[in-house]
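What's in my_file26.cif: mmCIF, C-alpha atoms
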data_upload
loop_
_atom_site.group_PDB
_atom_site.id
_atom_site.type_symbol
_atom_site.label_atom_id
_atom_site.label_comp_id
_atom_site.auth_asym_id
_atom_site.auth_seq_id
_atom_site.Cartn_x
_atom_site.Cartn_y
_atom_site.Cartn_z
ATOM 1 C CA MET J 10 -8.754 18.231 24.948
ATOM 2 C CA LYS J 11 -9.155 15.867 22.015
ATOM 3 C CA THR J 12 -12.650 15.122 20.851
ATOM 4 C CA LEU J 13 -13.157 11.728 19.273
ATOM 5 C CA SER J 14 -16.267 11.003 17.251
ATOM 6 C CA ARG J 15 -17.212 8.131 14.965
ATOM 7 C CA MET J 16 -18.473 8.810 11.474
ATOM 8 C CA ALA J 17 -19.828 6.662 8.658
ATOM 9 C CA GLY J 18 -17.370 4.250 7.078
ATOM 10 C CA PHE J 19 -15.429 3.720 10.299
ATOM 11 C CA SER J 20 -13.861 7.192 9.969
ATOM 12 C CA MET J 21 -12.465 8.896 13.037
ATOM 13 C CA ALA J 22 -12.175 12.655 13.480
ATOM 14 C CA ILE J 23 -9.966 14.334 16.045
ATOM 15 C CA ALA J 24 -10.347 17.995 16.913
ATOM 16 C CA VAL J 25 -6.956 19.595 17.443
ATOM 17 C CA GLY J 26 -6.406 21.070 20.879
ATOM 18 C CA ALA J 27 -4.401 20.389 23.991
ATOM 19 C CA VAL J 28 -2.535 17.106 23.780
ATOM 20 C CA SER J 29 -3.913 14.110 25.600
ATOM 21 C CA LEU J 30 -2.723 10.516 25.437
ATOM 22 C CA SER J 31 -6.078 8.868 26.018
ATOM 23 C CA PRO J 32 -7.800 7.689 23.959
ATOM 24 C CA SER J 33 -5.208 7.257 21.234
ATOM 25 C CA PRO J 34 -6.390 8.127 17.713
ATOM 26 C CA VAL J 35 -6.982 5.378 15.181
ATOM 27 C CA PHE J 36 -6.728 5.590 11.395
ATOM 28 C CA ALA J 37 -10.028 5.095 9.638
ATOM 29 C CA GLY J 38 -11.018 1.486 9.147
ATOM 30 C CA THR J 39 -7.647 -0.040 10.082
ATOM 31 C CA GLY J 40 -7.546 -0.373 13.844
ATOM 32 C CA SER J 41 -3.923 0.848 13.629
ATOM 33 C CA PRO J 42 -3.161 3.279 16.440
ATOM 34 C CA ALA J 43 -1.351 6.466 15.601
ATOM 35 C CA ALA J 44 0.532 5.978 18.886
ATOM 36 C CA PRO J 45 1.184 9.617 19.746
ATOM 37 C CA ALA J 46 3.955 10.441 22.204
ATOM 38 C CA THR J 47 4.018 13.410 24.535
ATOM 39 C CA GLY J 48 3.857 16.612 22.513
ATOM 40 C CA THR J 49 2.358 15.023 19.410
ATOM 41 C CA GLN J 50 -1.090 15.230 17.863
ATOM 42 C CA GLY J 51 -2.811 12.507 15.887
ATOM 43 C CA PRO J 52 -4.379 13.228 12.508
ATOM 44 C CA VAL J 53 -7.916 13.810 11.404
ATOM 45 C CA ALA J 54 -8.574 10.769 9.222
ATOM 46 C CA SER J 55 -11.275 10.205 6.654
ATOM 47 C CA THR J 56 -11.995 7.600 4.010
ATOM 48 C CA SER J 57 -12.353 8.478 0.345
ATOM 49 C CA THR J 58 -14.859 6.890 -2.019
ATOM 50 C CA ASP J 59 -12.263 4.343 -3.150
ATOM 51 C CA GLY J 60 -11.590 3.222 0.440
ATOM 52 C CA GLU J 61 -8.230 4.986 0.738
ATOM 53 C CA GLU J 62 -7.384 6.866 3.907
ATOM 54 C CA VAL J 63 -6.712 10.571 3.675
ATOM 55 C CA PHE J 64 -5.268 12.171 6.802
ATOM 56 C CA THR J 65 -4.780 15.762 7.954
ATOM 57 C CA PHE J 66 -2.562 17.365 10.608
ATOM 58 C CA THR J 67 -3.314 20.930 11.746
ATOM 59 C CA ALA J 68 -1.227 23.302 13.876
ATOM 60 C CA ARG J 69 -2.113 26.847 14.965
ATOM 61 C CA SER J 70 0.190 29.754 15.688
ATOM 62 C CA THR J 71 0.612 30.679 19.358
ATOM 63 C CA ALA J 72 2.495 33.909 18.585
ATOM 64 C CA PRO J 73 1.097 37.082 20.196
ATOM 65 C CA GLY J 74 -1.617 38.564 18.017
ATOM 66 C CA ALA J 75 -2.134 35.363 15.995
ATOM 67 C CA LYS J 76 -5.650 34.772 14.744
ATOM 68 C CA SER J 77 -7.439 31.744 13.384
ATOM 69 C CA GLY J 78 -7.002 32.903 9.774
ATOM 70 C CA ALA J 79 -5.284 30.865 7.080
ATOM 71 C CA ALA J 80 -1.988 32.695 7.617
ATOM 72 C CA ASP J 81 -1.808 31.444 11.220
ATOM 73 C CA VAL J 82 -2.745 27.813 10.525
ATOM 74 C CA ILE J 83 -0.617 25.070 8.947
ATOM 75 C CA THR J 84 -2.514 22.167 7.393
ATOM 76 C CA CYS J 85 -0.666 19.036 6.269
ATOM 77 C CA LYS J 86 -2.630 16.548 4.166
ATOM 78 C CA GLY J 87 -1.485 13.132 3.058
ATOM 79 C CA ALA J 88 -2.483 9.764 1.683
ATOM 80 C CA TYR J 89 -1.112 6.747 -0.102
ATOM 81 C CA ARG J 90 -3.070 7.674 -3.191
ATOM 82 C CA GLY J 91 -1.874 11.267 -3.200
ATOM 83 C CA GLY J 92 -5.018 12.282 -5.060
ATOM 84 C CA LYS J 93 -4.358 9.660 -7.725
ATOM 85 C CA TRP J 94 -5.941 6.241 -7.417
ATOM 86 C CA TYR J 95 -2.958 4.461 -8.979
ATOM 87 C CA ASP J 96 -0.693 5.520 -6.092
ATOM 88 C CA ALA J 97 -2.368 2.816 -4.020
ATOM 89 C CA PRO J 98 -0.551 -0.546 -4.406
ATOM 90 C CA HIS J 99 0.235 -1.003 -8.118
ATOM 91 C CA PRO J 100 2.916 -2.554 -10.370
ATOM 92 C CA GLY J 101 5.767 -0.044 -10.383
ATOM 93 C CA ALA J 102 7.023 1.417 -13.659
ATOM 94 C CA SER J 103 10.563 1.755 -12.255
ATOM 95 C CA SER J 104 10.771 -2.043 -11.872
ATOM 96 C CA LYS J 105 9.131 -2.712 -15.261
ATOM 97 C CA LYS J 106 6.058 -3.876 -13.332
ATOM 98 C CA ARG J 107 7.938 -6.670 -11.539
ATOM 99 C CA ARG J 108 7.457 -5.125 -8.099
ATOM 100 C CA ILE J 109 4.452 -3.638 -6.286
ATOM 101 C CA ASN J 110 4.767 -0.192 -4.751
ATOM 102 C CA ALA J 111 2.676 2.636 -3.330
ATOM 103 C CA HIS J 112 3.462 6.314 -2.837
ATOM 104 C CA LEU J 113 2.960 7.960 0.539
ATOM 105 C CA SER J 114 2.809 11.735 0.126
ATOM 106 C CA VAL J 115 2.264 14.649 2.523
ATOM 107 C CA THR J 116 1.909 18.327 1.571
ATOM 108 C CA CYS J 117 1.592 21.254 3.993
ATOM 109 C CA THR J 118 -0.027 24.626 3.296
ATOM 110 C CA GLY J 119 -0.401 27.820 5.301
ATOM 111 C CA GLY J 120 1.735 30.714 6.472
ATOM 112 C CA GLY J 121 4.436 28.594 8.137
ATOM 113 C CA ALA J 122 4.324 25.634 5.755
ATOM 114 C CA GLY J 123 7.703 26.475 4.192
ATOM 115 C CA ALA J 124 9.398 25.967 7.577
ATOM 116 C CA THR J 125 7.539 22.730 8.366
ATOM 117 C CA HIS J 126 9.738 19.607 8.357
ATOM 118 C CA VAL J 127 8.065 16.492 6.943
ATOM 119 C CA THR J 128 9.473 12.954 7.157
ATOM 120 C CA VAL J 129 7.717 9.966 5.569
ATOM 121 C CA SER J 130 8.725 6.302 5.599
ATOM 122 C CA SER J 131 7.021 3.380 3.916
ATOM 123 C CA ARG J 132 7.391 -0.327 3.236
ATOM 124 C CA MET J 133 5.305 -2.865 1.328
ATOM 125 C CA VAL J 134 4.107 -6.093 2.947
ATOM 126 C CA ASP J 135 2.199 -9.086 1.610
ATOM 127 C CA GLY J 136 1.335 -10.951 4.808
ATOM 128 C CA ARG J 137 4.477 -13.101 4.646
ATOM 129 C CA ARG J 138 7.242 -10.757 3.544
ATOM 130 C CA ALA J 139 8.175 -7.130 4.132
ATOM 131 C CA GLY J 140 10.081 -4.932 1.699
ATOM 132 C CA LYS J 141 12.811 -2.454 2.546
ATOM 133 C CA VAL J 142 11.856 0.787 4.268
ATOM 134 C CA SER J 143 12.010 3.837 2.018
ATOM 135 C CA THR J 144 12.334 7.267 3.692
ATOM 136 C CA SER J 145 12.101 10.829 2.390
ATOM 137 C CA LYS J 146 12.398 14.227 4.091
ATOM 138 C CA GLY J 147 11.508 17.721 2.989
ATOM 139 C CA LEU J 148 10.280 21.182 3.876
ATOM 140 C CA ARG J 149 6.560 21.635 3.251
ATOM 141 C CA SER J 150 6.190 18.218 1.570
ATOM 142 C CA ALA J 151 7.667 14.752 1.163
ATOM 143 C CA LYS J 152 6.882 11.644 -0.866
ATOM 144 C CA THR J 153 8.267 8.116 -0.776
ATOM 145 C CA GLY J 154 7.587 4.664 -2.176
ATOM 146 C CA GLY J 155 8.751 1.250 -0.992
ATOM 147 C CA ASP J 156 8.234 -1.866 -3.068
ATOM 148 C CA LEU J 157 8.129 -5.654 -2.978
ATOM 149 C CA ALA J 158 8.591 -8.215 -5.762
ATOM 150 C CA CYS J 159 5.603 -10.244 -6.900
ATOM 151 C CA VAL J 160 5.538 -14.010 -6.392
ATOM 152 C CA SER J 161 3.683 -16.705 -8.341
ATOM 153 C CA SER J 162 1.008 -17.174 -5.686
ATOM 154 C CA LYS J 163 -1.734 -14.629 -5.018
ATOM 155 C CA ARG J 164 -0.838 -12.201 -2.229
ATOM 156 C CA GLY J 165 -2.544 -9.165 -0.723
ATOM 157 C CA TYR J 166 -0.117 -6.225 -0.941
ATOM 158 C CA GLN J 167 -0.353 -3.318 1.483
ATOM 159 C CA ALA J 168 1.879 -0.326 2.210
ATOM 160 C CA LYS J 169 2.546 0.665 5.815
ATOM 161 C CA GLY J 170 3.972 4.042 6.664
ATOM 162 C CA VAL J 171 5.126 6.412 9.362
ATOM 163 C CA VAL J 172 4.678 10.186 9.128
ATOM 164 C CA PHE J 173 6.437 12.730 11.346
ATOM 165 C CA VAL J 174 5.776 16.463 11.038
ATOM 166 C CA LYS J 175 7.734 19.119 12.948
ATOM 167 C CA PHE J 176 6.001 22.474 12.868
ATOM 168 C CA PRO J 177 7.904 25.783 13.183
ATOM 169 C CA PRO J 178 8.410 27.435 16.600
ATOM 170 C CA ARG J 179 5.301 29.006 18.136
ATOM 171 C CA TYR J 180 2.907 26.521 16.582
ATOM 172 C CA SER J 181 0.786 24.096 18.565
ATOM 173 C CA PRO J 182 1.116 21.189 18.610
ATOM 174 C CA PRO J 183 4.883 21.364 17.934
ATOM 175 C CA THR J 184 4.930 17.938 16.242
ATOM 176 C CA ALA J 185 2.540 15.368 14.825
ATOM 177 C CA THR J 186 2.891 11.671 14.045
ATOM 178 C CA GLY J 187 0.830 9.013 12.324
ATOM 179 C CA THR J 188 1.006 5.466 10.958
ATOM 180 C CA PRO J 189 -1.117 5.366 7.789
ATOM 181 C CA VAL J 190 -1.695 2.218 5.757
ATOM 182 C CA SER J 191 -2.833 1.785 2.187
ATOM 183 C CA ILE J 192 -5.715 -0.308 0.975
ATOM 184 C CA ILE J 193 -4.892 -3.960 0.218
ATOM 185 C CA LYS J 194 -4.736 -5.113 -3.408
ATOM 186 C CA ALA J 195 -4.143 -8.661 -4.657
ATOM 187 C CA PHE J 196 -1.423 -9.397 -7.225
ATOM 188 C CA LYS J 197 0.646 -12.316 -8.470
ATOM 189 C CA LYS J 198 3.484 -12.842 -10.923
ATOM 190 C CA GLY J 199 2.117 -13.506 -14.399
ATOM 191 C CA LYS J 200 3.527 -15.626 -17.219
ATOM 192 C CA LYS J 201 5.780 -12.824 -18.456
ATOM 193 C CA GLY J 202 7.172 -12.240 -14.953
ATOM 194 C CA ILE J 203 5.254 -9.016 -14.430
ATOM 195 C CA CYS J 204 2.792 -8.313 -11.632
ATOM 196 C CA VAL J 205 -0.855 -8.774 -12.583
ATOM 197 C CA LYS J 206 -4.089 -8.419 -10.631
ATOM 198 C CA ALA J 207 -5.060 -11.645 -8.898
#
Kindly transcribe the structure held in the file into structure tokens.
Amino acid sequence: MKTLSRMAGFSMAIAVGAVSLSPSPVFAGTGSPAAPATGTQGPVASTSTDGEEVFTFTARSTAPGAKSGAADVITCKGAYRGGKWYDAPHPGASSKKRRINAHLSVTCTGGGAGATHVTVSSRMVDGRRAGKVSTSKGLRSAKTGGDLACVSSKRGYQAKGVVFVKFPPRYSPPTATGTPVSIIKAFKKGKKGICVKA
């Protein structure tokens, strides 16, 4: 049974256990439901000191003789900042700072992490427009961007993502999903055509 408890800063924590569809987990401070389907488990979400969400998925081995030690637990952690504050919405170097992007990254650790499939998708929005969806897949980890060009008027840019994790056989839950979002940062196109803080 999931246990849902409120913490300071609008954080939500979910204890991993048998899957239940009610209530549905919510990412910290966003009101965005993780919308789990049957067989999925929502993340444990917390808020860092800079307001960015950091989420965690955990699966435990159900193989005979498995214990609760690190070797029998897979932990997947992710965020839009990826441990680096500039991975929140920022002018992208690949576009010579003419587009805003953010990097959604997930990394899994534990005995079965190397056989854990991770898929991440992300797109940037500014309240009026939405950029193209960028998707990446990998074993153990995955990282993707997604960007949107700046315009002359001030806009609040935010990245919205989808995370899907498929754990190896004999792990519970078998899959996990989430819909993280980045913090919102304001930018506009400056005189030189590059994105500047607004």
### Task
List, as a list in words, every residue that the PyMOL selection byres ((chain J and resi 126) around 8) selects in the file provided.
Ala124, Thr125, Val127, Thr128, Lys146, Gly147, Leu148, Arg149, Ser150, Val174, Lys175 and Phe176 of chain J
### Task
Expand the PyMOL selection byres ((chain J and resi 119) around 9) into the individual residues it matches in the shown file, reporting them as a list of chain:residue names.
J:Ala79, J:Ala80, J:Asp81, J:Val82, J:Ile83, J:Thr84, J:Cys85, J:Cys117, J:Thr118, J:Gly120, J:Gly121, J:Ala122, J:Gly123
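Going from atom CA of Gly155 of chain J to atom CA of Ala195 of chain J covers 16.7 Å.
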### Task
Evaluate the PyMOL selection byres ((chain J and resi 199) around 12) on the structure here and hand back the selected residues as a PyMOL selection string.
chain J and resi 100+106-108+159-163+196-198+200-207
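Straight-line separation from atom CA of Ala68 of chain J to atom CA of Val171 of chain J: 18.6 Å.
Coordinates place atom CA of Ala97 of chain J at a distance of 7.8 Å from atom CA of Asn110 of chain J.
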### Task
May I have the residues within 6 Å of Tyr180 of chain J as a list in words, using only C-alpha atoms and disregarding those fewer than 4 positions away in the same chain?
Ala68, Arg69, Ser70 and Thr71 of chain J
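In this comparison, which uses only C-alpha atoms, the residue of J:Pro182, J:Tyr166, J:Val190, J:Val115 approaching Ser131 of chain J most closely is J:Val190.
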